[in-house]
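Text of model_37.csv (CSV, C-alpha atoms and all ligand atoms) as supplied:
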chain,number,residue,atom,x,y,z
A,1,MET,CA,68.9,99.0,98.4
A,2,ASP,CA,67.7,100.2,101.7
A,3,CYS,CA,69.9,101.6,104.5
A,4,PRO,CA,71.6,98.6,106.1
A,5,LEU,CA,71.0,100.1,109.6
A,6,CYS,CA,67.6,101.8,109.7
A,7,GLN,CA,66.1,100.4,106.5
A,8,ALA,CA,65.1,103.9,105.2
A,9,ALA,CA,65.0,104.2,101.4
A,10,ASP,CA,66.0,107.9,101.3
A,11,HIS,CA,69.7,108.5,100.7
A,12,VAL,CA,72.1,111.0,99.2
A,13,VAL,CA,74.9,109.9,96.9
A,14,GLY,CA,78.2,111.4,98.2
A,15,HIS,CA,80.7,109.6,95.9
A,16,VAL,CA,80.7,107.4,92.9
A,17,GLY,CA,83.6,105.1,92.3
A,18,GLU,CA,84.6,102.2,90.1
A,19,PHE,CA,86.7,99.2,91.2
A,20,ILE,CA,88.4,96.5,89.3
A,21,LEU,CA,87.8,93.2,90.9
A,22,ALA,CA,88.9,89.9,89.3
A,23,GLY,CA,89.2,91.8,86.0
A,24,GLU,CA,85.7,93.3,86.2
A,25,ALA,CA,84.8,96.9,86.8
A,26,ILE,CA,82.3,97.3,89.6
A,27,ARG,CA,80.5,100.6,90.0
A,28,GLN,CA,79.9,101.7,93.5
A,29,GLU,CA,78.1,104.6,95.2
A,30,THR,CA,78.9,105.8,98.7
A,31,ARG,CA,75.5,106.9,100.1
A,32,ILE,CA,74.5,108.7,103.2
A,33,CYS,CA,71.1,107.8,104.7
A,34,ARG,CA,68.9,110.8,105.3
A,35,ALA,CA,67.1,109.2,108.2
A,36,CYS,CA,70.0,107.9,110.3
A,37,SER,CA,73.2,109.4,108.7
A,38,LEU,CA,74.9,106.0,108.2
A,39,VAL,CA,77.4,106.2,105.3
A,40,PHE,CA,77.3,103.0,103.3
A,41,GLU,CA,78.3,101.4,100.0
A,42,SER,CA,75.7,100.5,97.4
A,43,ALA,CA,77.6,97.9,95.5
A,44,GLU,CA,76.8,94.3,96.1
A,45,PRO,CA,79.4,92.4,94.0
A,46,ASN,CA,78.3,88.9,93.1
A,47,LEU,CA,81.2,87.3,94.9
A,48,GLU,CA,82.1,85.6,98.1
A,49,TRP,CA,83.3,88.4,100.3
A,50,SER,CA,86.3,86.2,101.3
A,51,SER,CA,87.6,86.5,97.7
A,52,LEU,CA,87.5,90.2,98.1
A,53,TYR,CA,89.4,90.3,101.3
A,54,GLY,CA,91.8,87.5,100.8
A,55,SER,CA,95.0,89.3,99.9
A,56,VAL,CA,94.3,92.3,102.2
A,57,TRP,CA,93.7,90.1,105.2
A,58,TYR,CA,96.9,88.2,104.7
A,59,ARG,CA,98.9,91.4,104.5
A,60,SER,CA,97.2,93.1,107.4
A,61,SER,CA,97.3,90.1,109.7
A,62,LEU,CA,101.1,90.4,109.9
A,63,PRO,CA,101.9,92.3,113.1
A,64,ASN,CA,103.7,95.6,112.6
A,65,ALA,CA,104.6,98.4,115.0
A,66,LYS,CA,101.4,100.2,114.3
A,67,GLN,CA,99.2,97.2,115.2
A,68,THR,CA,101.3,96.4,118.3
A,69,GLU,CA,100.7,100.0,119.5
A,70,LEU,CA,97.0,99.8,118.6
A,71,TYR,CA,96.4,96.5,120.5
A,72,ALA,CA,98.4,97.6,123.5
A,73,ARG,CA,96.2,100.7,123.6
A,74,ASP,CA,93.0,98.6,123.3
A,75,ALA,CA,94.2,96.4,126.1
A,76,GLY,CA,94.9,99.5,128.3
A,77,LEU,CA,91.4,100.8,127.7
A,78,ILE,CA,89.8,97.5,128.4
A,79,GLY,CA,91.9,96.7,131.5
A,80,PRO,CA,92.0,93.5,133.5
A,81,PRO,CA,88.9,91.4,134.2
A,82,ALA,CA,86.9,92.3,137.4
A,83,HIS,CA,87.0,88.7,138.6
A,84,ALA,CA,89.3,85.8,137.9
A,85,GLY,CA,88.0,83.5,135.2
A,86,GLU,CA,86.2,86.2,133.1
A,87,ARG,CA,86.2,85.4,129.5
A,88,VAL,CA,86.8,87.6,126.4
A,89,PHE,CA,85.6,86.7,122.9
A,90,ASP,CA,87.3,88.5,120.0
A,91,ILE,CA,85.2,88.3,116.8
A,92,GLY,CA,87.7,88.4,113.9
A,93,CYS,CA,90.6,87.8,116.2
A,94,GLY,CA,93.1,87.1,113.4
A,95,ARG,CA,96.4,85.9,114.8
A,96,GLY,CA,95.3,86.7,118.3
A,97,LEU,CA,97.4,89.8,118.7
A,98,LEU,CA,94.8,91.6,121.0
A,99,LEU,CA,94.1,88.3,122.8
A,100,ASP,CA,97.8,88.1,123.6
A,101,GLU,CA,97.6,91.4,125.4
A,102,LEU,CA,94.3,90.5,127.2
A,103,SER,CA,95.6,87.1,128.3
A,104,ALA,CA,98.6,88.9,129.9
A,105,LEU,CA,96.0,91.0,131.8
A,106,GLY,CA,94.3,87.9,133.2
A,107,TRP,CA,91.5,87.3,130.7
A,108,VAL,CA,90.5,83.8,129.6
A,109,THR,CA,90.8,84.3,125.8
A,110,ALA,CA,88.6,83.0,123.0
A,111,GLY,CA,87.6,84.1,119.5
A,112,CYS,CA,86.9,83.2,115.9
A,113,ASP,CA,88.2,84.3,112.5
A,114,PRO,CA,87.5,82.9,109.0
A,115,GLU,CA,91.2,82.9,108.1
A,116,ALA,CA,92.4,79.4,109.0
A,117,ASP,CA,96.2,80.2,109.0
A,118,ALA,CA,95.8,83.1,111.4
A,119,ILE,CA,93.6,80.9,113.7
A,120,GLU,CA,96.2,78.2,113.8
A,121,THR,CA,98.8,80.8,114.9
A,122,ALA,CA,96.4,82.1,117.6
A,123,ARG,CA,95.5,78.5,118.7
A,124,LEU,CA,99.2,77.6,119.1
A,125,LYS,CA,99.6,80.6,121.5
A,126,GLY,CA,96.9,79.0,123.8
A,127,HIS,CA,93.8,81.0,122.8
A,128,SER,CA,90.5,79.1,122.5
A,129,VAL,CA,89.7,80.0,118.9
A,130,THR,CA,88.0,78.5,115.8
A,131,ALA,CA,88.3,79.2,112.1
A,132,GLU,CA,84.8,80.4,111.1
A,133,CYS,CA,82.7,83.4,110.4
A,134,PHE,CA,80.9,84.6,113.5
A,135,GLU,CA,77.4,83.1,114.2
A,136,PRO,CA,76.3,83.4,117.9
A,137,ARG,CA,76.4,80.1,119.8
A,138,PRO,CA,76.0,79.4,123.6
A,139,ASP,CA,79.6,78.3,123.8
A,140,PHE,CA,80.8,81.7,122.7
A,141,GLU,CA,79.1,83.5,125.7
A,142,SER,CA,81.6,85.8,127.3
A,143,ASP,CA,81.9,88.7,129.8
A,144,LEU,CA,83.6,90.9,127.1
A,145,VAL,CA,83.0,90.8,123.4
A,146,ILE,CA,85.3,92.6,120.9
A,147,LEU,CA,84.7,93.8,117.4
A,148,GLY,CA,88.0,95.4,116.3
A,149,ASP,CA,88.2,96.6,112.7
A,150,VAL,CA,85.3,94.2,111.8
A,151,LEU,CA,82.0,96.1,112.0
A,152,GLU,CA,82.9,98.4,109.0
A,153,HIS,CA,83.2,95.3,106.8
A,154,VAL,CA,79.8,94.0,107.6
A,155,ALA,CA,76.9,94.5,105.1
A,156,ASP,CA,74.3,94.1,107.8
A,157,PRO,CA,75.6,95.9,110.9
A,158,LEU,CA,72.3,95.7,112.9
A,159,SER,CA,72.3,91.9,112.7
A,160,MET,CA,76.0,91.8,113.7
A,161,LEU,CA,75.3,94.0,116.7
A,162,ARG,CA,72.3,91.9,117.8
A,163,ASP,CA,74.4,88.8,117.5
A,164,VAL,CA,77.0,90.4,119.8
A,165,ARG,CA,74.3,91.0,122.3
A,166,GLN,CA,73.3,87.3,122.2
A,167,ILE,CA,76.7,86.1,123.4
A,168,LEU,CA,77.1,88.7,126.2
A,169,ARG,CA,76.8,87.4,129.7
A,170,PRO,CA,74.7,89.4,132.1
A,171,GLY,CA,76.6,92.6,133.1
A,172,GLY,CA,79.0,92.0,130.2
A,173,ARG,CA,80.6,94.6,128.1
A,174,PHE,CA,81.2,95.2,124.4
A,175,TYR,CA,84.3,96.9,122.9
A,176,VAL,CA,84.1,98.1,119.3
A,177,ARG,CA,86.7,99.8,117.2
A,178,VAL,CA,86.0,101.2,113.7
A,179,PRO,CA,87.7,103.7,111.3
A,180,ASP,CA,86.6,107.3,111.9
A,181,LEU,CA,84.7,109.0,109.1
A,182,GLU,CA,85.9,112.4,110.3
A,183,GLU,CA,89.5,111.4,109.7
A,184,VAL,CA,88.7,110.5,106.0
A,185,ASN,CA,90.2,112.8,103.4
A,186,PHE,CA,91.7,111.8,100.1
A,187,ASP,CA,95.2,113.1,100.9
A,188,THR,CA,95.8,111.2,104.1
A,189,PHE,CA,93.5,108.2,103.8
A,190,GLY,CA,93.8,107.2,100.2
A,191,ASP,CA,91.1,105.3,98.3
A,192,VAL,CA,88.8,104.3,101.1
A,193,PHE,CA,85.2,104.3,99.9
A,194,GLY,CA,84.8,101.1,98.1
A,195,LEU,CA,84.0,97.4,98.4
A,196,GLN,CA,85.8,96.5,101.5
A,197,HIS,CA,84.5,99.0,104.0
A,198,ARG,CA,80.7,98.6,103.8
A,199,ILE,CA,79.8,101.3,106.3
A,200,TRP,CA,81.3,104.3,108.0
A,201,PHE,CA,80.5,106.2,111.3
A,202,THR,CA,81.3,109.4,113.0
A,203,ARG,CA,81.6,109.3,116.8
A,204,ASP,CA,78.0,110.5,117.1
A,205,THR,CA,76.5,108.2,114.5
A,206,LEU,CA,78.3,105.2,116.1
A,207,ARG,CA,76.8,106.1,119.5
A,208,GLU,CA,73.4,106.2,117.8
A,209,ALA,CA,73.9,103.0,116.0
A,210,LEU,CA,74.8,101.3,119.2
A,211,ALA,CA,71.8,102.7,121.0
A,212,PHE,CA,69.5,101.6,118.2
A,213,ALA,CA,71.0,98.1,118.5
A,214,GLY,CA,70.6,98.0,122.3
A,215,PHE,CA,73.8,99.2,123.7
A,216,GLU,CA,74.7,102.1,126.0
A,217,VAL,CA,78.1,103.6,125.6
A,218,CYS,CA,80.2,103.7,128.8
A,219,PHE,CA,83.1,105.5,127.3
A,220,ASP,CA,84.4,106.3,123.8
A,221,GLY,CA,87.3,108.1,122.1
A,222,LYS,CA,89.5,108.5,119.1
A,223,PHE,CA,93.0,107.2,118.3
A,224,ALA,CA,95.0,107.6,115.1
A,225,ARG,CA,92.4,107.3,112.3
A,226,GLY,CA,90.0,105.2,114.3
A,227,MET,CA,87.6,105.4,117.2
A,228,HIS,CA,86.5,103.0,119.9
A,229,ALA,CA,83.5,102.6,122.3
A,230,MET,CA,83.0,100.5,125.3
A,231,ALA,CA,79.3,99.7,125.7
A,232,ARG,CA,76.9,97.6,127.8
A,233,ILE,CA,73.5,96.2,127.1
A,234,GLN,CA,70.4,98.4,127.5
A,235,SER,CA,67.0,98.4,125.8
A,236,PRO,CA,67.1,99.3,122.1
A,237,ARG,CA,65.7,102.7,121.5
A,238,ALA,CA,64.4,104.6,118.4
A,239,TRP,CA,66.8,106.4,116.2
A,240,SER,CA,67.5,110.0,116.7
A,241,CYS,CA,69.6,111.8,114.2
A,242,PRO,CA,72.7,113.4,115.8
A,243,LYS,CA,73.0,117.2,115.7
A,244,GLY,CA,74.3,118.5,112.4
A,245,GLU,CA,73.7,115.1,110.7
A,246,PRO,CA,73.4,114.0,108.0
A,247,ALA,CA,74.9,117.2,106.6
A,248,ARG,CA,78.2,116.6,108.3
A,249,SER,CA,78.6,113.1,106.9
A,250,VAL,CA,77.5,114.3,103.4
A,251,GLU,CA,80.1,117.0,103.5
A,252,ILE,CA,83.0,114.7,104.5
A,253,VAL,CA,82.2,112.2,101.7
A,254,ARG,CA,81.6,114.9,99.1
A,255,ASN,CA,84.9,116.7,100.0
A,256,TYR,CA,86.7,113.4,99.6
A,257,SER,CA,85.1,112.8,96.3
A,258,ARG,CA,86.0,116.3,95.0
A,259,ASP,CA,89.6,115.9,96.1
A,260,MET,CA,89.9,112.6,94.4
A,261,ALA,CA,88.6,114.1,91.2
A,262,VAL,CA,91.2,116.9,91.5
A,263,ARG,CA,94.0,114.5,92.1
A,264,ARG,CA,93.0,112.3,89.2
A,265,ALA,CA,92.9,115.3,86.9
A,266,ARG,CA,96.4,116.3,88.0
A,267,ILE,CA,97.7,112.8,87.4
A,268,ALA,CA,96.0,112.5,84.0
A,269,SER,CA,97.6,115.8,82.9
A,270,ARG,CA,101.0,114.7,84.1
A,271,LEU,CA,100.6,111.5,82.1
A,272,GLU,CA,99.4,113.4,79.1
A,273,SER,CA,102.7,115.3,79.0
A,274,LEU,CA,104.5,111.9,78.4
A,275,ARG,CA,102.6,111.2,75.2
A,276,GLY,CA,104.9,110.2,72.4
A,277,ARG,CA,107.7,109.0,74.7
A,278,GLU,CA,108.5,105.4,75.4
A,279,VAL,CA,106.8,104.9,78.8
A,280,ALA,CA,106.8,101.8,81.0
A,281,LEU,CA,104.2,101.5,83.7
A,282,TYR,CA,105.8,99.9,86.8
A,283,GLY,CA,103.2,97.8,88.7
A,284,GLY,CA,100.6,95.8,86.8
A,285,GLY,CA,98.0,95.2,89.6
A,286,GLU,CA,94.6,96.7,90.3
A,287,HIS,CA,96.0,100.2,90.9
A,288,ALA,CA,97.5,100.2,87.5
A,289,GLU,CA,94.3,99.1,85.9
A,290,GLU,CA,92.5,101.9,87.7
A,291,LEU,CA,95.1,104.4,86.3
A,292,LEU,CA,94.6,103.0,82.9
A,293,ARG,CA,90.8,103.6,83.2
A,294,PHE,CA,90.7,107.1,84.4
A,295,SER,CA,93.6,108.6,82.4
A,296,ALA,CA,94.9,108.3,78.8
A,297,LEU,CA,97.7,106.1,80.1
A,298,GLY,CA,96.4,103.2,78.0
A,299,GLY,CA,97.4,105.2,74.9
A,300,ILE,CA,100.6,106.5,76.5
A,301,ALA,CA,102.3,103.5,78.2
A,302,THR,CA,104.0,101.2,75.8
A,303,ARG,CA,105.1,98.6,78.4
A,304,VAL,CA,104.0,97.3,81.8
A,305,VAL,CA,106.4,95.8,84.3
A,306,ASP,CA,105.8,94.2,87.7
A,307,SER,CA,108.2,92.7,90.3
A,308,ASN,CA,105.5,90.1,91.2
A,309,GLU,CA,106.5,86.9,89.4
A,310,SER,CA,102.9,85.6,89.4
A,311,LEU,CA,101.8,88.5,87.2
A,312,TRP,CA,104.4,88.0,84.5
A,313,GLY,CA,102.8,87.3,81.1
A,314,ASN,CA,99.4,88.5,82.3
A,315,ALA,CA,97.5,91.2,80.6
A,316,CYS,CA,97.2,94.8,82.0
A,317,GLY,CA,94.9,96.7,79.7
A,318,ALA,CA,96.1,96.0,76.2
A,319,LEU,CA,99.7,95.3,77.4
A,320,THR,CA,101.5,92.2,78.7
A,321,ILE,CA,103.2,92.4,82.1
A,322,GLU,CA,107.0,92.0,81.7
A,323,THR,CA,109.8,91.3,84.3
A,324,PRO,CA,111.9,94.1,85.8
A,325,ALA,CA,115.0,92.5,84.1
A,326,VAL,CA,113.6,93.6,80.7
A,327,LEU,CA,113.7,97.3,82.0
A,328,ARG,CA,117.5,97.0,82.5
A,329,ASP,CA,118.1,95.3,79.2
A,330,ARG,CA,116.1,97.8,77.2
A,331,PRO,CA,115.4,100.9,79.3
A,332,PRO,CA,112.4,103.1,78.3
A,333,GLU,CA,112.6,106.9,78.4
A,334,SER,CA,110.2,107.1,81.4
A,335,VAL,CA,108.9,104.8,84.1
A,336,VAL,CA,105.6,105.7,85.7
A,337,ILE,CA,105.2,104.1,89.2
A,338,ALA,CA,101.6,102.8,89.5
A,339,SER,CA,101.7,102.0,93.2
A,340,LYS,CA,100.7,104.6,95.8
A,341,ALA,CA,101.6,102.8,99.0
A,342,TYR,CA,105.0,101.6,97.8
A,343,GLN,CA,106.0,104.3,95.3
A,344,ASN,CA,109.1,105.4,97.4
A,345,GLU,CA,110.4,101.8,97.8
A,346,ILE,CA,109.9,101.2,94.1
A,347,ALA,CA,111.6,104.5,93.1
A,348,ALA,CA,114.6,103.5,95.4
A,349,GLY,CA,114.8,100.2,93.5
A,350,LEU,CA,114.9,102.0,90.2
A,351,GLU,CA,117.8,104.3,91.1
A,352,ASP,CA,120.2,102.6,88.8
A,353,LEU,CA,117.8,103.3,85.9
A,354,ALA,CA,117.5,107.0,87.0
A,355,GLU,CA,121.3,107.2,86.9
A,356,ARG,CA,121.2,105.9,83.3
A,357,GLY,CA,118.9,108.8,82.4
A,358,VAL,CA,115.5,107.2,82.7
A,359,ASP,CA,112.8,109.6,84.0
A,360,VAL,CA,111.3,107.8,87.1
A,361,ILE,CA,107.9,109.3,87.8
A,362,ARG,CA,106.1,109.2,91.1
A,363,LEU,CA,102.4,110.3,90.8
A,364,TYR,CA,101.6,110.8,94.4
A,365,ALA,CA,102.6,113.5,96.9
A,366,GLU,CA,104.9,112.4,99.7
A,367,SER,CA,102.1,112.8,102.2
A,368,GLY,CA,99.7,110.5,100.3
B,1,ZN,ZN,69.6,104.7,107.8
Would you write out, as structure tokens, the structure that this file holds?
Ligand SMILES: [Zn+2]
Amino acid sequence: MDCPLCQAADHVVGHVGEFILAGEAIRQETRICRACSLVFESAEPNLEWSSLYGSVWYRSSLPNAKQTELYARDAGLIGPPAHAGERVFDIGCGRGLLLDELSALGWVTAGCDPEADAIETARLKGHSVTAECFEPRPDFESDLVILGDVLEHVADPLSMLRDVRQILRPGGRFYVRVPDLEEVNFDTFGDVFGLQHRIWFTRDTLREALAFAGFEVCFDGKFARGMHAMARIQSPRAWSCPKGEPARSVEIVRNYSRDMAVRRARIASRLESLRGREVALYGGGEHAEELLRFSALGGIATRVVDSNESLWGNACGALTIETPAVLRDRPPESVVIASKAYQNEIAAGLEDLAERGVDVIRLYAESG
């Protein structure tokens, strides 16, 4: 495939991964375009993207303290409208959490999101929103357009940015927030190169991408692991590769890839030391399937357990997923926790087994 931004065919492969999706392994390469420095994923799974995002979106659309802080900060940067009656359109507005903040500042609020449940929640709060993927239409025209945590999911960013331009009223502004490639490392960011984020930017390459699509950045900055830019329309201009690129982006992706290989080798050797014992794997989801693929765990684990009722009886590798109750009835010698994000919570829930002499194993460092 060609670069989704500048269409060049000359890329460097920075990372090779494999993902389990609906039981199928999908090979993916994280590439860096030599012409424009865009970091992008090569895989094009033959699936509706919505099926890929479904479970993630549902989880992430729940407001938590981090999101509340993020949206309050976005609203602070955006500020109140210059004139009464100015309208904001939030593409991928979810439950309207940012629109809530902007409405309080005096904006007339509108948006769209493909997730119908989230849109219903936003609509009940008084926002003018519709359940659909974004396509530019005259009735979407606004003084401010927002793409928050959306652009990185788009396979064709140039079209998306041009579509944003189409619904901006004269003198209007565009606020975009994306994850920051410079914050990516395997220890703090986890498994990030994959199927869900299609593209990655540094602050410099985001500026260039915006200029290429016909936007001039008014201000930009970084926050937590993301970055934002406020832009206004200008004439599109030819691409110029930012200083130090694409070497910088290649280095970030390759460092991540190397660290991931090191951690996987460490996990594989930890698991190898369990061979011959009775080992239950706790967690039978995609993360467990990934562990089974890159380590010898398939030949080591004798049982798989998951607290998620809907997985009971399903296959995970060659094993059948059991209920946690079975662990208490018939404790194994060791339990390996397959989750990274919830390993501490799961370990706390297994304390009774640990007290009975079961070796409860967390594979990931506390910081990860
Ligand atoms: Zn390119």
Taking all atoms listed in the file and a cut-off of 12 Å, can you tell me which residues surround ligand ZN 1 (chain B), written as a PyMOL selection string? chain A and resi 1-12+31-40+156-158+199-201+205+208-209+212+238-241+245-246
Residues of range 154-228 of chain A that approach range 120-137 of chain A to 8 Å or less, counting only C-alpha atoms: could you list each one with the shortest pair of atoms and its distance in Å to one decimal, rows by chain and increasing residue number, as a Markdown table?
| residue | atom | partner | partner_atom | distance |
| --- | --- | --- | --- | --- |
| A:Asp163 | CA | A:Pro136 | CA | 5.7 |
| A:Val164 | CA | A:Pro136 | CA | 7.3 |
| A:Gln166 | CA | A:Pro136 | CA | 6.5 |
| A:Ile167 | CA | A:Pro136 | CA | 6.1 |
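Computed from the coordinates, the CA of Val250 in chain A to CA of Phe294 in chain A distance equals 24.2 Å.
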If we count only C-alpha atoms and set the cut-off at 8 Å, which residues sit around Arg169 in chain A, ignoring sequence neighbours fewer than 6 positions away in its own chain? Please answer as number ranges by chain. A: 141-143
Output of the above residues as a PDB file, in the coordinates of the input, restricted to C-alpha atoms:
ATOM      1  CA  GLU A 141      79.100  83.500 125.700  1.00  0.00           C
ATOM      2  CA  SER A 142      81.600  85.800 127.300  1.00  0.00           C
ATOM      3  CA  ASP A 143      81.900  88.700 129.800  1.00  0.00           C
TER       4      ASP A 143
END
Coordinates-based distance that separates CA of Phe186 in chain A from CA of Tyr256 in chain A (Å, one decimal): 5.3 Å
Mind working out the centre and edge lengths of an axis-aligned box for range 264-268 of chain A, all listed atoms inside, 6 Å added to each side, rounded to one decimal in Å and written as JSON?
{"center_x": 95.3, "center_y": 114.3, "center_z": 86.6, "size_x": 16.8, "size_y": 16.0, "size_z": 17.2}
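Our summary of the geometry notes that CA of Leu311 in chain A is positioned 14.1 Å from CA of Ala325 in chain A.
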Please report, as JSON lines, each residue of range 168-284 of chain A lying at most 10 Å from range 88-94 of chain A, together with the nearest pair of atoms and the separation in Å rounded to one decimal; use all atoms listed in the file, and order rows by chain and ascending residue number.
{"residue": "A:Leu168", "atom": "CA", "partner": "A:Phe89", "partner_atom": "CA", "distance": 9.3}
{"residue": "A:Gly172", "atom": "CA", "partner": "A:Val88", "partner_atom": "CA", "distance": 9.7}
{"residue": "A:Arg173", "atom": "CA", "partner": "A:Val88", "partner_atom": "CA", "distance": 9.5}
{"residue": "A:Phe174", "atom": "CA", "partner": "A:Val88", "partner_atom": "CA", "distance": 9.6}
{"residue": "A:Tyr175", "atom": "CA", "partner": "A:Asp90", "partner_atom": "CA", "distance": 9.4}
Writing out the chosen residues with C-alpha atoms as a PDB file, keeping the file's coordinate frame:
ATOM      1  CA  LEU A 168      77.100  88.700 126.200  1.00  0.00           C
ATOM      2  CA  GLY A 172      79.000  92.000 130.200  1.00  0.00           C
ATOM      3  CA  ARG A 173      80.600  94.600 128.100  1.00  0.00           C
ATOM      4  CA  PHE A 174      81.200  95.200 124.400  1.00  0.00           C
ATOM      5  CA  TYR A 175      84.300  96.900 122.900  1.00  0.00           C
TER       6      TYR A 175
END
Got a sec: who's within 12 Å of Val305 in chain A, counting all atoms listed in the file, leaving out chain neighbours fewer than 6 positions off, as an MDAnalysis selection string? chainID A and resid 279:285 288 311:316 319:328 331:332 335:339 346
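Among the candidates A:Ala354, A:Ala224, A:Leu274, A:Val217, the one nearest to Leu70 in chain A when counting all atoms listed in the file is A:Ala224.
Checking A:Met160, A:Val262, A:Ile267, A:Ala82 one by one against Ile146 in chain A, counting all atoms listed in the file, you find the shortest gap at A:Met160.
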Env of Asn344 in chain A: 10 Å cut, atoms = only C-alpha atoms, seq-sep filter 6 positions within chain, self excluded. Answer as an MDAnalysis selection string. chainID A and resid 337 350 362 364 366
Would you list the contacts of Arg264 in chain A as a list in words, taking every protein, DNA or RNA residue within 10 Å and counting only C-alpha atoms, but skipping same-chain residues closer than 3 positions in sequence? Arg258, Asp259, Met260, Ala261, Ile267, Ala268, Ser269, Arg270, Leu291, Phe294, Ser295 and Leu363 of chain A
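Closest to Arg95 in chain A among A:Leu181, A:Leu77, A:Glu115, A:Ala341 is A:Glu115, based on only C-alpha atoms.
The shortest atom-to-atom distance to Ile361 in chain A, with all atoms listed in the file taken into account, belongs to A:Ser273 out of A:Asn308, A:Ser273, A:Gln28, A:Ser235.
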